[in-house]
$ cat protein22.cif   # mmCIF, C-alpha atoms and all ligand atoms
data_final
#
loop_
_atom_site.label_atom_id
_atom_site.label_comp_id
_atom_site.auth_asym_id
_atom_site.auth_seq_id
_atom_site.Cartn_x
_atom_site.Cartn_y
_atom_site.Cartn_z
CA MET A 1 12.56 21.11 -15.80
CA LYS A 2 12.95 23.54 -12.94
CA PHE A 3 16.31 23.92 -11.23
CA GLN A 4 16.84 24.77 -7.60
CA ARG A 5 19.80 26.28 -5.87
CA LEU A 6 22.11 23.85 -4.10
CA ARG A 7 21.64 23.10 -0.41
CA GLY A 8 23.56 25.53 1.77
CA THR A 9 23.67 28.25 -0.90
CA LYS A 10 21.35 31.22 -1.19
CA ASP A 11 20.02 33.84 -3.54
CA ILE A 12 20.45 37.21 -1.92
CA LEU A 13 17.45 39.19 -3.05
CA PRO A 14 15.95 42.63 -2.44
CA PRO A 15 14.97 43.84 0.08
CA GLU A 16 17.50 41.74 2.10
CA SER A 17 20.21 42.65 -0.40
CA LEU A 18 19.81 46.30 0.68
CA LEU A 19 21.11 45.25 4.09
CA TRP A 20 24.05 43.54 2.40
CA GLU A 21 24.73 46.74 0.49
CA LYS A 22 24.67 48.77 3.70
CA VAL A 23 27.01 46.36 5.50
CA ILE A 24 29.49 46.29 2.60
CA ILE A 25 29.50 50.07 2.00
CA ASN A 26 29.81 50.97 5.71
CA THR A 27 32.60 48.42 6.18
CA PHE A 28 34.56 49.69 3.20
CA ASN A 29 34.19 53.29 4.40
CA ILE A 30 35.90 52.30 7.65
CA LEU A 31 38.58 50.28 5.84
CA LYS A 32 39.37 53.36 3.74
CA ASN A 33 39.79 55.43 6.92
CA TYR A 34 42.39 52.94 8.08
CA GLY A 35 44.26 53.18 4.76
CA ILE A 36 43.75 49.53 3.88
CA LYS A 37 44.05 48.46 0.25
CA LEU A 38 41.74 46.08 -1.62
CA ILE A 39 43.02 42.76 -2.93
CA ILE A 40 41.03 40.31 -5.06
CA THR A 41 42.22 36.73 -5.43
CA PRO A 42 40.72 33.69 -7.23
CA THR A 43 38.01 31.56 -5.62
CA ILE A 44 39.81 28.43 -6.80
CA GLU A 45 43.32 27.51 -5.69
CA ASP A 46 45.63 24.52 -5.50
CA ARG A 47 44.07 22.25 -2.84
CA ASN A 48 47.45 21.87 -1.09
CA LEU A 49 47.56 25.59 -0.35
CA PHE A 50 44.77 25.12 2.18
CA ILE A 51 46.06 21.84 3.57
CA ARG A 52 49.48 23.39 4.23
CA SER A 53 48.16 26.60 5.78
CA ILE A 54 44.91 25.75 7.56
CA GLY A 55 46.30 22.42 8.73
CA GLU A 56 45.70 18.74 8.04
CA GLY A 57 44.06 18.15 11.40
CA THR A 58 41.44 20.91 11.09
CA ASP A 59 37.74 20.26 10.50
CA ILE A 60 37.91 22.47 7.42
CA VAL A 61 40.51 20.26 5.75
CA ILE A 62 39.20 16.92 7.02
CA LYS A 63 35.49 17.40 6.36
CA GLU A 64 34.60 20.67 4.73
CA MET A 65 36.65 21.37 1.61
CA TYR A 66 34.99 21.51 -1.80
CA GLU A 67 37.60 19.65 -3.85
CA PHE A 68 37.74 18.44 -7.41
CA LYS A 69 40.14 17.51 -10.17
CA ASP A 70 40.17 19.82 -13.18
CA LYS A 71 40.33 18.57 -16.76
CA LYS A 72 44.10 18.18 -16.49
CA GLY A 73 43.80 16.17 -13.28
CA ARG A 74 45.04 18.97 -11.01
CA ASP A 75 43.77 19.00 -7.40
CA ILE A 76 41.72 22.14 -6.97
CA ALA A 77 39.71 23.47 -4.02
CA LEU A 78 37.14 26.21 -3.69
CA ARG A 79 38.64 28.48 -1.06
CA PRO A 80 37.22 27.79 2.43
CA GLU A 81 38.67 31.07 3.77
CA GLY A 82 40.70 34.04 2.59
CA THR A 83 43.94 34.13 4.59
CA ALA A 84 45.73 31.30 2.75
CA SER A 85 45.02 32.85 -0.65
CA ILE A 86 46.08 36.33 0.45
CA VAL A 87 49.35 34.97 1.87
CA ARG A 88 49.92 33.10 -1.40
CA ALA A 89 49.26 36.26 -3.43
CA TYR A 90 51.42 38.35 -1.05
CA ILE A 91 54.40 36.04 -1.60
CA GLU A 92 53.80 35.34 -5.30
CA ASN A 93 53.49 39.03 -6.22
CA SER A 94 56.31 40.20 -3.89
CA LEU A 95 54.07 42.79 -2.30
CA PRO A 96 55.70 45.38 -0.02
CA GLU A 97 56.72 43.77 3.28
CA LYS A 98 54.56 46.11 5.26
CA ILE A 99 51.06 46.27 3.81
CA ASP A 100 47.46 46.09 5.03
CA LEU A 101 45.04 44.39 2.65
CA CYS A 102 41.30 43.80 2.65
CA TYR A 103 39.07 41.50 0.62
CA LEU A 104 35.47 40.58 0.04
CA GLY A 105 34.17 37.41 -1.51
CA PRO A 106 32.47 34.04 -1.27
CA MET A 107 34.03 31.19 0.72
CA PHE A 108 32.95 27.54 0.59
CA ARG A 109 32.72 24.97 3.36
CA TYR A 110 30.79 21.71 3.22
CA GLU A 111 29.05 22.15 6.57
CA LYS A 112 25.60 21.18 7.81
CA PRO A 113 23.49 24.13 6.66
CA GLN A 114 21.52 25.95 9.35
CA LYS A 115 20.76 29.50 10.44
CA GLY A 116 24.00 31.45 10.08
CA ARG A 117 25.86 28.50 8.58
CA ASN A 118 25.97 28.14 4.82
CA ARG A 119 28.07 26.13 2.37
CA GLU A 120 28.73 29.26 0.35
CA PHE A 121 29.07 32.34 2.52
CA TYR A 122 30.69 35.74 2.26
CA GLN A 123 33.54 37.22 4.22
CA ILE A 124 35.08 40.65 4.40
CA GLY A 125 38.59 40.17 5.71
CA VAL A 126 41.72 42.10 6.58
CA GLU A 127 45.29 40.81 6.53
CA SER A 128 48.05 43.02 7.89
CA PHE A 129 51.64 42.09 7.02
CA GLY A 130 54.98 43.21 8.41
CA VAL A 131 54.26 44.49 11.92
CA ALA A 132 54.99 42.35 14.97
CA SER A 133 53.97 44.92 17.60
CA ILE A 134 51.08 44.12 19.92
CA TYR A 135 49.82 47.63 19.07
CA LYS A 136 49.02 46.25 15.62
CA ASP A 137 46.94 43.45 17.15
CA VAL A 138 44.97 45.98 19.16
CA GLU A 139 44.59 48.26 16.13
CA ILE A 140 43.14 45.29 14.22
CA ILE A 141 40.70 44.54 17.05
CA LYS A 142 39.70 48.21 17.19
CA LEU A 143 39.13 48.14 13.41
CA ALA A 144 36.89 45.08 13.78
CA TYR A 145 35.03 46.80 16.62
CA ASP A 146 34.54 49.97 14.54
CA ILE A 147 33.22 47.91 11.63
CA LEU A 148 30.69 46.03 13.76
CA LYS A 149 29.43 49.32 15.22
CA ALA A 150 29.30 50.95 11.77
CA VAL A 151 27.18 48.16 10.31
CA GLY A 152 24.73 48.42 13.21
CA ILE A 153 25.77 45.52 15.46
CA ASN A 154 25.90 46.73 19.04
CA ASP A 155 25.27 43.64 21.08
CA PHE A 156 28.34 41.39 21.02
CA THR A 157 31.03 39.95 23.23
CA LEU A 158 34.72 40.12 22.38
CA ARG A 159 36.74 37.13 23.55
CA ILE A 160 40.51 37.11 23.44
CA ASN A 161 43.29 34.66 24.19
CA MET A 162 47.05 34.61 23.80
CA LEU A 163 48.42 31.52 22.06
CA ASN A 164 51.96 30.38 22.79
CA CYS A 165 54.83 31.60 20.67
CA LYS A 166 57.50 29.22 19.32
CA GLU A 167 59.41 29.51 22.59
CA CYS A 168 56.61 28.60 24.98
CA ASN A 169 54.58 26.32 22.71
CA THR A 170 56.55 23.10 23.25
CA ASP A 171 55.93 22.84 26.97
CA TYR A 172 52.24 23.51 26.57
CA ILE A 173 51.78 20.93 23.80
CA LYS A 174 53.69 18.39 25.91
CA SER A 175 51.44 19.00 28.89
CA LEU A 176 48.23 18.98 26.82
CA THR A 177 49.24 15.77 25.04
CA LYS A 178 49.92 14.07 28.36
CA TYR A 179 46.52 15.16 29.73
CA LEU A 180 44.59 14.13 26.60
CA ASN A 181 46.32 10.74 26.42
CA LYS A 182 45.26 10.13 30.02
CA ASN A 183 41.61 10.71 28.95
CA ILE A 184 41.85 9.20 25.48
CA ASN A 185 39.10 6.62 26.02
CA THR A 186 36.51 9.31 26.70
CA LEU A 187 37.33 11.34 23.58
CA CYS A 188 35.40 10.95 20.29
CA ASP A 189 36.95 9.06 17.32
CA ASN A 190 37.61 12.33 15.52
CA CYS A 191 39.64 13.69 18.46
CA ARG A 192 41.56 10.43 18.83
CA GLY A 193 42.49 10.79 15.16
CA LYS A 194 43.62 14.36 15.82
CA ILE A 195 45.95 13.14 18.58
CA GLU A 196 47.35 10.46 16.26
CA ARG A 197 48.00 13.09 13.59
CA ASN A 198 49.66 15.32 16.18
CA ALA A 199 46.96 17.98 15.79
CA ILE A 200 46.72 18.29 19.56
CA LEU A 201 45.34 21.84 19.75
CA ARG A 202 42.50 20.88 17.43
CA VAL A 203 41.02 18.67 20.15
CA LEU A 204 40.18 21.89 21.97
CA ASP A 205 37.91 22.89 19.01
CA CYS A 206 35.70 19.80 19.36
CA LYS A 207 32.05 20.60 20.06
CA GLU A 208 31.10 17.07 21.28
CA ASP A 209 29.86 17.14 24.87
CA LYS A 210 32.07 14.27 26.03
CA CYS A 211 35.18 15.93 24.60
CA ARG A 212 34.17 19.29 26.04
CA SER A 213 33.90 17.77 29.50
CA ILE A 214 37.53 16.66 29.13
CA THR A 215 38.90 19.83 27.52
CA ALA A 216 37.17 21.97 30.16
CA ASN A 217 39.79 20.78 32.65
CA ALA A 218 42.75 20.66 30.25
CA PRO A 219 45.94 22.59 31.08
CA LEU A 220 45.56 26.28 30.22
CA ILE A 221 47.75 28.07 27.70
CA LYS A 222 48.08 31.07 30.00
CA ASP A 223 49.94 28.96 32.57
CA PHE A 224 52.63 28.27 29.96
CA LEU A 225 53.08 31.73 28.45
CA CYS A 226 56.66 33.00 28.40
CA LYS A 227 57.49 36.43 29.81
CA LYS A 228 57.24 38.17 26.45
CA CYS A 229 53.85 36.63 25.57
CA MET A 230 52.56 37.51 29.04
CA TRP A 231 53.82 41.07 28.70
CA ASN A 232 52.10 41.39 25.30
CA LEU A 233 48.85 40.01 26.67
CA ASP A 234 48.90 42.44 29.59
CA LEU A 235 49.60 45.39 27.30
CA ALA A 236 46.82 44.33 24.90
CA LYS A 237 44.36 44.16 27.81
CA ASP A 238 45.51 47.53 29.05
CA LEU A 239 45.07 49.11 25.63
CA LEU A 240 41.62 47.57 25.15
CA ASN A 241 40.58 48.91 28.55
CA ASN A 242 41.85 52.36 27.61
CA LEU A 243 39.93 52.19 24.32
CA LYS A 244 36.84 51.17 26.35
CA ILE A 245 36.39 48.02 24.29
CA PRO A 246 34.88 45.44 26.66
CA PHE A 247 36.40 41.95 26.37
CA LYS A 248 36.52 38.60 28.12
CA GLU A 249 39.58 36.42 28.39
CA ASP A 250 38.77 32.93 27.15
CA PHE A 251 41.63 30.58 27.94
CA HIS A 252 40.12 27.85 25.76
CA LEU A 253 39.91 29.97 22.63
CA VAL A 254 42.33 28.46 20.09
CA ARG A 255 40.39 29.02 16.80
CA GLY A 256 39.85 26.21 14.32
CA LEU A 257 42.81 26.91 12.03
CA ASP A 258 46.42 25.84 12.59
CA TYR A 259 48.20 29.02 11.58
CA TYR A 260 47.53 31.18 14.64
CA THR A 261 50.48 32.07 16.88
CA GLY A 262 49.71 34.99 19.22
CA LEU A 263 46.72 37.10 20.21
CA VAL A 264 43.50 35.56 18.85
CA PHE A 265 39.98 36.95 19.15
CA GLU A 266 36.34 36.38 18.32
CA PHE A 267 33.32 38.67 18.37
CA ILE A 268 30.36 36.57 19.48
CA THR A 269 26.60 37.11 19.31
CA ASP A 270 23.87 35.30 21.21
CA LYS A 271 21.39 35.77 18.36
CA LEU A 272 22.36 32.82 16.15
CA GLY A 273 22.76 29.73 18.33
CA PRO A 274 25.92 28.33 19.96
CA GLN A 275 27.42 26.55 16.92
CA GLN A 276 27.48 29.60 14.67
CA ASN A 277 27.69 32.49 17.10
CA THR A 278 30.95 34.00 15.79
CA LEU A 279 30.41 37.13 13.72
CA LEU A 280 34.02 38.07 13.17
CA ALA A 281 37.23 36.35 14.17
CA GLY A 282 40.96 36.39 13.65
CA GLY A 283 44.36 36.73 15.19
CA ARG A 284 48.09 36.74 14.69
CA TYR A 285 49.83 34.25 12.41
CA ASP A 286 53.54 35.08 12.49
CA ASN A 287 54.85 31.82 10.99
CA LEU A 288 52.55 31.38 8.02
CA VAL A 289 54.29 33.57 5.44
CA LYS A 290 57.59 31.75 6.05
CA GLU A 291 55.91 28.34 6.12
CA MET A 292 54.33 29.08 2.75
CA GLY A 293 57.71 29.86 1.21
CA GLY A 294 57.99 33.60 1.90
CA LYS A 295 60.23 35.64 4.15
CA ASP A 296 59.96 35.60 7.92
CA ILE A 297 57.19 38.20 8.13
CA PRO A 298 54.73 38.66 10.97
CA ALA A 299 51.05 39.06 10.21
CA THR A 300 47.64 39.38 11.77
CA GLY A 301 44.09 39.76 10.52
CA PHE A 302 40.45 38.80 10.75
CA ALA A 303 37.41 37.90 8.70
CA MET A 304 33.79 38.87 9.23
CA GLY A 305 30.89 36.71 8.02
CA ILE A 306 28.52 38.97 6.11
CA ASP A 307 25.72 36.35 6.08
CA ARG A 308 25.76 36.23 9.88
CA ILE A 309 25.89 40.01 10.28
CA VAL A 310 22.85 40.38 8.03
CA GLU A 311 21.02 37.59 9.87
CA VAL A 312 21.53 39.39 13.17
CA LEU A 313 20.40 42.73 11.74
CA ALA A 314 17.32 41.09 10.20
CA ALA A 315 16.54 39.29 13.49
CA GLU A 316 16.59 42.67 15.19
CA GLY A 317 13.97 43.89 12.71
CA ILE A 318 16.37 46.24 10.95
CA GLN A 319 15.28 46.86 7.38
CA GLU A 320 16.97 48.98 4.79
CA GLU A 321 14.87 50.94 2.34
CA GLN A 322 15.99 51.99 -1.07
CA LYS A 323 16.47 55.73 -0.94
CA LEU A 324 15.21 57.27 -4.16
CA ASN A 325 14.84 60.99 -4.56
CA ILE A 326 12.76 61.57 -7.66
CA TYR A 327 10.00 59.88 -9.64
CA ILE A 328 9.06 61.51 -12.95
CA VAL A 329 5.40 61.30 -13.93
CA SER A 330 4.63 61.97 -17.58
CA ASP A 331 2.60 60.73 -20.57
CA SER A 332 3.39 59.22 -23.96
CA GLU A 333 3.62 62.59 -25.75
CA ARG A 334 6.12 63.91 -23.24
CA MET A 335 8.04 60.69 -22.77
CA GLN A 336 11.17 61.88 -24.57
CA LYS A 337 11.40 65.14 -22.59
CA ALA A 338 10.79 63.25 -19.37
CA PHE A 339 13.47 60.71 -20.33
CA LEU A 340 16.01 63.49 -20.96
CA LEU A 341 15.14 65.06 -17.60
CA LEU A 342 15.62 61.66 -15.93
CA LEU A 343 19.11 61.32 -17.40
CA LYS A 344 20.01 64.90 -16.47
CA LEU A 345 19.01 64.29 -12.86
CA ARG A 346 21.22 61.20 -12.73
CA GLU A 347 24.11 63.08 -14.35
CA ASN A 348 23.78 65.46 -11.41
CA ASN A 349 24.00 62.56 -8.97
CA ILE A 350 20.31 62.73 -8.08
CA SER A 351 18.68 59.30 -7.90
CA ALA A 352 15.61 59.21 -10.14
CA VAL A 353 13.28 56.73 -11.84
CA MET A 354 10.35 56.86 -14.24
CA ASN A 355 7.94 54.49 -15.91
CA PHE A 356 8.08 53.76 -19.65
CA ASP A 357 4.82 51.79 -19.78
CA ASN A 358 2.47 54.63 -20.56
CA LYS A 359 0.51 54.19 -17.36
CA SER A 360 -2.12 56.65 -16.13
CA PHE A 361 -0.93 59.58 -13.98
CA LYS A 362 -2.78 58.02 -11.08
CA SER A 363 -0.97 54.70 -11.29
CA GLN A 364 2.38 56.45 -11.75
CA MET A 365 1.67 58.46 -8.58
CA ARG A 366 0.86 55.22 -6.79
CA GLU A 367 4.14 53.72 -7.94
CA ALA A 368 6.01 56.85 -6.75
CA ASP A 369 4.30 56.42 -3.39
CA ASP A 370 5.30 52.72 -3.21
CA LYS A 371 8.90 53.59 -3.98
CA LYS A 372 8.83 56.18 -1.16
CA VAL A 373 10.50 58.86 -3.28
CA LYS A 374 10.98 62.29 -1.81
CA PHE A 375 9.67 64.32 -4.75
CA VAL A 376 7.61 63.70 -7.85
CA LEU A 377 8.25 65.79 -10.96
CA ILE A 378 5.18 65.98 -13.20
CA LEU A 379 5.57 66.70 -16.88
CA GLY A 380 2.15 66.83 -18.56
CA GLU A 381 0.49 68.90 -21.26
CA GLU A 382 -0.01 71.97 -19.05
CA GLU A 383 3.57 71.87 -17.84
CA GLU A 384 4.95 71.53 -21.36
CA LYS A 385 2.95 74.51 -22.58
CA GLY A 386 4.05 76.67 -19.65
CA ASN A 387 7.75 75.57 -19.76
CA PHE A 388 7.74 74.30 -16.21
CA VAL A 389 7.42 71.05 -14.26
CA SER A 390 5.17 70.52 -11.27
CA MET A 391 7.04 69.39 -8.23
CA LYS A 392 5.25 67.50 -5.47
CA ASP A 393 6.79 67.05 -2.04
CA MET A 394 5.63 63.54 -1.10
CA LYS A 395 6.00 64.16 2.62
CA THR A 396 3.94 67.37 2.86
CA GLY A 397 1.80 66.90 -0.27
CA GLU A 398 2.67 70.48 -1.33
CA GLN A 399 2.94 71.08 -5.05
CA LYS A 400 4.60 73.96 -6.87
CA LYS A 401 5.66 75.03 -10.36
CA VAL A 402 9.38 75.11 -11.15
CA GLY A 403 10.71 76.70 -14.36
CA ASN A 404 12.40 74.18 -16.69
CA GLU A 405 15.76 75.91 -16.55
CA ILE A 406 16.01 75.77 -12.76
CA VAL A 407 14.63 72.27 -12.07
CA ILE A 408 17.98 70.66 -11.29
CA GLU A 409 19.05 73.55 -9.02
CA GLU A 410 15.74 73.50 -7.19
CA VAL A 411 15.85 69.72 -6.64
CA LYS A 412 19.41 69.98 -5.34
CA ASN A 413 18.42 72.78 -2.94
CA LEU A 414 15.45 70.89 -1.59
CA LEU A 415 17.40 67.67 -1.15
CA ALA A 416 20.15 69.56 0.68
CA GLN A 417 17.53 71.07 3.02
CA ASP A 418 16.07 67.62 3.56
CA VAL A 419 19.48 66.31 4.65
CA ILE A 420 19.91 69.23 7.05
CA LYS A 421 16.45 68.59 8.56
P1 LIG A 501 36.86 31.73 10.57
O1 LIG A 501 36.57 31.90 12.02
O2 LIG A 501 36.93 30.36 10.04
O3 LIG A 501 38.21 32.52 10.29
O4 LIG A 501 35.77 32.52 9.75
C1 LIG A 501 35.57 33.90 9.94
C2 LIG A 501 34.08 34.23 9.93
O5 LIG A 501 33.44 33.71 8.76
C3 LIG A 501 33.30 33.56 11.07
O6 LIG A 501 33.44 34.30 12.25
C4 LIG A 501 31.88 33.61 10.53
O7 LIG A 501 31.30 34.87 10.74
C5 LIG A 501 32.10 33.39 9.05
N1 LIG A 501 31.81 31.99 8.70
C6 LIG A 501 32.63 30.93 8.81
N2 LIG A 501 32.02 29.81 8.37
C7 LIG A 501 30.78 30.17 7.97
C8 LIG A 501 29.65 29.48 7.41
N3 LIG A 501 29.69 28.17 7.14
N4 LIG A 501 28.53 30.18 7.12
C9 LIG A 501 28.47 31.52 7.35
N5 LIG A 501 29.50 32.23 7.87
C10 LIG A 501 30.64 31.57 8.18
C11 LIG A 501 38.77 32.63 9.06
O8 LIG A 501 38.21 32.35 8.03
C12 LIG A 501 40.14 33.26 9.10
N6 LIG A 501 40.67 33.29 7.73
C13 LIG A 501 40.08 34.64 9.71
C14 LIG A 501 41.40 35.34 9.73
C15 LIG A 501 41.86 36.25 8.85
N7 LIG A 501 42.36 35.16 10.62
C16 LIG A 501 43.40 35.91 10.33
N8 LIG A 501 43.09 36.57 9.24
#

$ encode --input "protein22.cif" --output "structure tokens"
Amino acid sequence: MKFQRLRGTKDILPPESLLWEKVIINTFNILKNYGIKLIITPTIEDRNLFIRSIGEGTDIVIKEMYEFKDKKGRDIALRPEGTASIVRAYIENSLPEKIDLCYLGPMFRYEKPQKGRNREFYQIGVESFGVASIYKDVEIIKLAYDILKAVGINDFTLRINMLNCKECNTDYIKSLTKYLNKNINTLCDNCRGKIERNAILRVLDCKEDKCRSITANAPLIKDFLCKKCMWNLDLAKDLLNNLKIPFKEDFHLVRGLDYYTGLVFEFITDKLGPQQNTLLAGGRYDNLVKEMGGKDIPATGFAMGIDRIVEVLAAEGIQEEQKLNIYIVSDSERMQKAFLLLLKLRENNISAVMNFDNKSFKSQMREADDKKVKFVLILGEEEEKGNFVSMKDMKTGEQKKVGNEIVIEEVKNLLAQDVIK
């Protein structure tokens, strides 16, 4: 019997996995520059962790959670996102109040699979705890911007919005509730349920056309912002302009999770279709740590969908090639010497491969060509007798003899020159 992977999951295979590698490595290089520390948390958590943090009225909790009972009857969920788990770990392990953390891992949402939308997908995320300043929000947006550029995404739109703080939220919710109740008969069943459950803001997430026609004219958050929120928004816009990061204000942007409180943002692409066009998204969530049983600590962060980033790069025809420096060609009699040379090259941080199948020189050369190595080192009978290896530059076709004792030095020199070129 043959098994198949589950719908909405994928095997990430070479050569596509080379793009994944590039995205992950480039992202982590930037994260290091920002002094952000890695955190790894479990993929399974208490189901209530997500209900309490993401919110009962959200699509994730209502429709998309992978939930099950374990053998002891405990309610478990596969994590649908990272923030809740990181906040849990931050509180549970009494981490320093002020700390910036990053993570990488699979997330699970039972959604309708399509291009850029999977049931298991990968996020790289950042959560920054302990700083309430709007400068932190802008630093986080700049970090996200730097990451997108570093992984090769250049064509995107940044949308921002300021959500109400505790002080100015009540009036807005009152006004929105009044407006939605006036139009309740036009809204979909799901949205009516959201109003009943008091998840008023979540109506603004609805993608149904009839609901969108109503929410398009709903009262705007910006008209209810208090002085402080307004001041923060203006400063954020000023800073983004100074950093030359183009952005659009989107007064309907509320994000699909309940925990957001202040500046929220999304980086959007037009390469993946309207339902899954967000590459990276996040925002401030100043109440969550306290609501989850911790101290009153402000926080902000974002998560980037690696699957979507790779899809966009692939759609743009970007391919990553494995970069191998050396292929060693030899024969059965010289296999052991060749093998030792292979290991020595690797000990010197020089990427190298060889073939152990006793193939003809010709087919080994063909394989070296296929692998697009920079140099081939040949170790045959003549070379063994003369205490040298033949070194072929695969770009120019030039071949020369290199004494055994200086092979590593010579390879290093040539590779260094190649980098400089
Ligand atoms: P989110 O917007 O739900 O936010 O997800 C963040 C990113 O994950 C999305 O922008 C998208 O790239 C990717 N993503 C989401 N669902 C899928 C899917 N089904 N298939 C492929 N990619 C997907 C959060 O998860 C928040 N925790 C972000 C955050 C961190 N806010 C503050 N800190």

$ atom_distance --input "protein22.cif" --atom1 "CA of Pro80 in chain A" --atom2 "CA of Asn48 in chain A"
12.3 Å

$ residues_near_ligand --input "protein22.cif" --ligand "ligand LIG 501 (chain A)" --cutoff "9 Å" --atoms "only C-alpha atoms and all ligand atoms" --output "ChimeraX atom specification"
/A:8,54,60,80-84,107-128,255-257,259-260,264,266-268,276-285,299-309

$ closest_residue --input "protein22.cif" --among "A:Pro219, A:Gly152, A:Gly105, A:Pro274" --to "Gly317 in chain A" --atoms "all atoms listed in the file"
A:Gly152

$ atom_distance --input "protein22.cif" --atom1 "CA of Thr261 in chain A" --atom2 "CA of Leu49 in chain A"
18.6 Å

$ axis_aligned_box --input "protein22.cif" --around "range 240-246 of chain A" --padding-each-side "6 Å" --output "AutoDock Vina command-line options"
--center_x 38.4 --center_y 48.9 --center_z 26.4 --size_x 19.0 --size_y 18.9 --size_z 16.3

$ closest_residue --input "protein22.cif" --among "A:Ile134, A:Ala89, A:Ile40, A:Ala338" --to "Pro298 in chain A" --atoms "all atoms listed in the file"
A:Ile134

$ residues_around --input "protein22.cif" --residues "Ser175 in chain A" --least-positions-apart "4" --cutoff "9 Å" --atoms "all atoms listed in the file" --output "PDB file with C-alpha atoms, keeping the file's coordinate frame"
ATOM      1  CA  THR A 170      56.550  23.100  23.250  1.00  0.00           C
ATOM      2  CA  ASP A 171      55.930  22.840  26.970  1.00  0.00           C
ATOM      3  CA  TYR A 179      46.520  15.160  29.730  1.00  0.00           C
ATOM      4  CA  LEU A 180      44.590  14.130  26.600  1.00  0.00           C
ATOM      5  CA  ALA A 218      42.750  20.660  30.250  1.00  0.00           C
ATOM      6  CA  PRO A 219      45.940  22.590  31.080  1.00  0.00           C
TER       7      PRO A 219
END

$ closest_residue --input "protein22.cif" --among "A:Ile326, A:Ile36, A:Leu148, A:Ile24" --to "Asn349 in chain A" --atoms "all atoms listed in the file"
A:Ile326
